[in-house]
Each structure stands twice: as structure tokens, then as C-alpha cells.
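Undergrad: Structure file coords-v7.txt (compact mmCIF, C-alpha atoms and all ligand atoms) is given on the next line.
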```txt
# COMPACT_ATOMS: atom_id res chain seq x y z
CA MET R 1095 0.00 0.00 0.00
CA SER R 1096 1.16 3.51 -0.66
CA VAL R 1097 -0.07 6.70 0.93
CA THR R 1098 -1.82 9.12 -1.41
CA ASN R 1099 -3.03 12.69 -1.24
CA GLU R 1100 -6.53 11.35 -0.69
CA GLN R 1101 -5.47 10.10 2.73
CA PRO R 1102 -4.66 13.33 4.61
CA TYR R 1103 -5.68 11.62 7.85
CA LEU R 1104 -2.54 9.45 7.68
CA ILE R 1105 0.17 11.24 9.64
CA GLU R 1106 3.79 10.27 8.95
CA ILE R 1107 5.66 9.37 12.12
CA GLY R 1108 9.04 8.21 10.83
CA PRO R 1109 11.08 5.24 9.63
CA VAL R 1110 9.96 1.90 11.04
CA ASP R 1111 13.60 0.80 11.33
CA GLU R 1112 14.27 3.53 13.92
CA LEU R 1113 11.60 2.26 16.29
CA PRO R 1114 13.16 -0.12 18.85
CA GLN R 1115 11.44 -3.44 19.42
CA ASN R 1116 9.39 -3.98 22.56
CA THR R 1117 10.07 -0.48 23.86
CA GLY R 1118 7.45 2.23 23.83
CA LYS R 1119 7.97 5.60 22.23
CA THR R 1120 5.91 8.73 22.86
CA VAL R 1121 4.96 10.71 19.78
CA ARG R 1122 2.77 13.78 19.45
CA VAL R 1123 0.18 13.67 16.72
CA GLN R 1124 -1.97 16.73 16.15
CA GLY R 1125 -1.52 17.74 19.78
CA TYR R 1126 -2.33 14.30 21.18
CA GLU R 1127 0.16 12.00 22.93
CA VAL R 1128 0.35 8.57 21.36
CA ALA R 1129 2.34 5.56 22.58
CA LEU R 1130 3.97 3.66 19.74
CA PHE R 1131 5.25 0.10 20.05
CA LYS R 1132 7.01 -2.28 17.67
CA LEU R 1133 6.32 -5.84 18.73
CA SER R 1134 8.66 -8.83 18.48
CA ASN R 1135 6.94 -9.91 15.27
CA GLY R 1136 7.56 -6.50 13.70
CA ASP R 1137 3.96 -5.28 13.95
CA VAL R 1138 3.54 -1.68 15.09
CA ARG R 1139 0.77 -0.59 17.45
CA ALA R 1140 -0.36 2.88 18.50
CA ILE R 1141 -2.51 3.60 21.55
CA GLU R 1142 -3.51 6.54 23.71
CA ASN R 1143 -0.54 7.26 25.98
CA ARG R 1144 -2.44 7.54 29.28
CA CYS R 1145 -3.50 4.63 31.41
CA PRO R 1146 -7.25 4.76 32.17
CA HIS R 1147 -6.51 3.91 35.83
CA LYS R 1148 -4.54 6.95 37.02
CA GLY R 1149 -2.85 8.31 33.93
CA GLY R 1150 0.38 6.28 33.84
CA VAL R 1151 2.51 6.91 30.75
CA LEU R 1152 2.02 3.72 28.76
CA ALA R 1153 5.02 4.31 26.46
CA GLU R 1154 7.14 3.73 29.59
CA GLY R 1155 5.51 0.37 30.30
CA ILE R 1156 6.91 -3.12 29.85
CA VAL R 1157 5.88 -4.82 26.61
CA SER R 1158 5.11 -8.52 26.60
CA GLY R 1159 3.74 -10.04 23.43
CA GLU R 1160 0.59 -8.10 22.47
CA TYR R 1161 0.33 -6.33 25.83
CA VAL R 1162 1.86 -3.44 27.74
CA PHE R 1163 2.02 -3.32 31.53
CA CYS R 1164 1.40 0.15 32.92
CA PRO R 1165 4.52 1.43 34.73
CA MET R 1166 2.49 2.77 37.65
CA HIS R 1167 0.36 -0.09 38.96
CA ASP R 1168 1.01 -2.86 36.45
CA GLN R 1169 -2.39 -3.11 34.81
CA LYS R 1170 -2.18 -5.17 31.62
CA ILE R 1171 -3.47 -3.48 28.46
CA SER R 1172 -3.97 -5.06 25.04
CA LEU R 1173 -2.07 -3.24 22.33
CA SER R 1174 -4.58 -4.54 19.77
CA SER R 1175 -7.93 -3.79 21.37
CA GLY R 1176 -6.93 -1.21 23.99
CA HIS R 1177 -8.77 -3.17 26.67
CA VAL R 1178 -7.43 -3.43 30.19
CA GLN R 1179 -7.25 -7.12 31.06
CA PRO R 1180 -9.28 -8.65 33.92
CA PRO R 1181 -9.55 -8.39 36.83
CA ASP R 1182 -9.01 -4.70 36.04
CA THR R 1183 -11.30 -2.80 33.71
CA GLY R 1184 -11.20 0.12 31.28
CA CYS R 1185 -9.70 0.79 27.90
CA VAL R 1186 -7.58 3.17 25.87
CA THR R 1187 -8.14 4.35 22.33
CA THR R 1188 -6.20 2.49 19.65
CA TYR R 1189 -5.07 4.09 16.40
CA PRO R 1190 -4.68 2.20 13.13
CA VAL R 1191 -1.11 2.08 11.86
CA VAL R 1192 -0.07 1.88 8.21
CA ILE R 1193 3.47 1.00 7.18
CA THR R 1194 4.44 1.81 3.66
CA ASP R 1195 7.85 2.42 2.08
CA HIS R 1196 9.40 1.59 5.50
CA LYS R 1197 7.61 4.53 7.10
CA ILE R 1198 5.05 4.51 9.90
CA TYR R 1199 1.79 6.41 9.48
CA ILE R 1200 -0.90 6.80 12.14
CA ASP R 1201 -4.53 7.14 11.20
CA SER R 1202 -5.43 10.38 12.97
CA ARG R 1203 -9.19 10.00 12.64
CA PRO R 1204 -9.78 8.44 16.12
CA LEU R 1205 -7.65 11.13 17.84
CA SER R 1206 -10.32 13.74 18.33
CA LYS R 1207 -12.85 11.20 19.55
CA GLU R 1208 -10.75 9.87 22.45
CA VAL R 1209 -13.00 6.87 22.78
CA CYS R 1210 -12.27 3.26 23.38
CA GLU R 1211 -14.58 0.48 22.32
S1 LIG D 1 -2.04 4.32 36.41
FE1 LIG D 1 -1.85 2.57 35.13
S2 LIG D 1 -2.24 0.92 36.44
FE2 LIG D 1 -2.52 2.65 37.69
```
Can the structure from this file be put into C-alpha cells for me?

TA:
Amino acid sequence: MSVTNEQPYLIEIGPVDELPQNTGKTVRVQGYEVALFKLSNGDVRAIENRCPHKGGVLAEGIVSGEYVFCPMHDQKISLSSGHVQPPDTGCVTTYPVVITDHKIYIDSRPLSKEVCE
């Protein structure tokens, strides 16, 4: 897939090769803080950077498989769905990621909604 002018909602973040594996990175997209993660399998995930519990910075959490553990109180959050795993509850917004020509793009459309489903 390539990014075209008809996709202004795709915001270029940077080269995928510069994103370390299994370590979060905070990026600002249109004024919003997003936590970016490259998983062991090379997939890239983008989620809201604030834990729904008490606002822990999720980009500073420990990544394990498809999950990040909040650095403040260790709640486990899915990097795919944004859901906090039981017994805890809550969720964070997830943002679709597109990788094309070795560059990461975030779909900015969910940013202004700040909803999780
Ligand atoms: S702030 Fe994230 S688990 Fe408490």
C-alpha cells in the first residue's frame, strides 16, 4: 500500500527501522500524545498514551507479546484492542497504523474522539 493525497488523515511518524522493538515511544500527533510500540513480530501498534486507571505513561511500560504493563500499577493493556485485562477494567483508544515504504503512518481520525470500544 502507498499513501496518497486522498489520505490526509494518515500522519507520517518516521522510519519503522528507527523504532526499537518492545520499547514504547511517545509521539505527538496533532496535539495528542500517542504511545507507539514495535512488537517482536515486527507489527507496530499505536494507543492513547495515558492509562485509564490513574494516567500512567504507557510508552514507559513493559511490553510482553501483544500487551503493555502500565509502569504505575502494572495493569495489563492489550495493544490490539486497547482493553485493560481482567480483573481490572477500562480501555484506551487504539489508532490504526499503516506502514508503507518503510515509514510509519498513524490514522489520525480516532484522535479527536478519544474513545475506546
Ligand atoms: S495508572 Fe496505570 S495501572 Fe494505575

Undergrad: Show me which residues are within 10 Å of ligand LIG 1 (chain D) counting all atoms listed in the file, and format the list as a list of chain:residue names.

TA: R:Arg1144, R:Cys1145, R:Pro1146, R:His1147, R:Lys1148, R:Gly1149, R:Gly1150, R:Val1151, R:Leu1152, R:Gly1155, R:Phe1163, R:Cys1164, R:Pro1165, R:Met1166, R:His1167, R:Asp1168, R:Gln1169, R:Lys1170, R:Ile1171, R:Val1178, R:Asp1182

Undergrad: Point out the residue among R:Asn1099, R:Gln1124, R:Val1138, R:Ala1153 with the least atom-to-atom distance to Ile1198 of chain R, counting only C-alpha atoms.

TA: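 Among the listed residues, R:Val1138 lies closest to Ile1198 of chain R.
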
Undergrad: Could you please determine the separation between atom CA of Arg1203 of chain R and atom CA of Gly1108 of chain R in Å, to one decimal place?

TA: 18.4 Å

Undergrad: Ranking R:Gly1184, R:Gly1159, R:Gly1176, R:Pro1102 by minimum distance to Ser1202 of chain R and counting all atoms listed in the file, which one comes first?

TA: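 The closest residue to Ser1202 of chain R is R:Pro1102.
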
Undergrad: Which residues come within 12 Å of Val1191 of chain R, counting only C-alpha atoms, excluding same-chain residues fewer than 2 positions away, as a ChimeraX atom specification?

TA: /R:1097,1103-1108,1110,1128-1132,1137-1141,1173-1174,1188-1189,1193-1194,1197-1204

Undergrad: Write a file of the selected residues as a short mmCIF file (atom, residue, chain, number, x, y, z; two decimals), in the frame of the given file, keeping C-alpha atoms.

TA:
```
data_model
loop_
_atom_site.label_atom_id
_atom_site.label_comp_id
_atom_site.auth_asym_id
_atom_site.auth_seq_id
_atom_site.Cartn_x
_atom_site.Cartn_y
_atom_site.Cartn_z
CA VAL R 1097 -0.07 6.70 0.93
CA TYR R 1103 -5.68 11.62 7.85
CA LEU R 1104 -2.54 9.45 7.68
CA ILE R 1105 0.17 11.24 9.64
CA GLU R 1106 3.79 10.27 8.95
CA ILE R 1107 5.66 9.37 12.12
CA GLY R 1108 9.04 8.21 10.83
CA VAL R 1110 9.96 1.90 11.04
CA VAL R 1128 0.35 8.57 21.36
CA ALA R 1129 2.34 5.56 22.58
CA LEU R 1130 3.97 3.66 19.74
CA PHE R 1131 5.25 0.10 20.05
CA LYS R 1132 7.01 -2.28 17.67
CA ASP R 1137 3.96 -5.28 13.95
CA VAL R 1138 3.54 -1.68 15.09
CA ARG R 1139 0.77 -0.59 17.45
CA ALA R 1140 -0.36 2.88 18.50
CA ILE R 1141 -2.51 3.60 21.55
CA LEU R 1173 -2.07 -3.24 22.33
CA SER R 1174 -4.58 -4.54 19.77
CA THR R 1188 -6.20 2.49 19.65
CA TYR R 1189 -5.07 4.09 16.40
CA ILE R 1193 3.47 1.00 7.18
CA THR R 1194 4.44 1.81 3.66
CA LYS R 1197 7.61 4.53 7.10
CA ILE R 1198 5.05 4.51 9.90
CA TYR R 1199 1.79 6.41 9.48
CA ILE R 1200 -0.90 6.80 12.14
CA ASP R 1201 -4.53 7.14 11.20
CA SER R 1202 -5.43 10.38 12.97
CA ARG R 1203 -9.19 10.00 12.64
CA PRO R 1204 -9.78 8.44 16.12
#
```
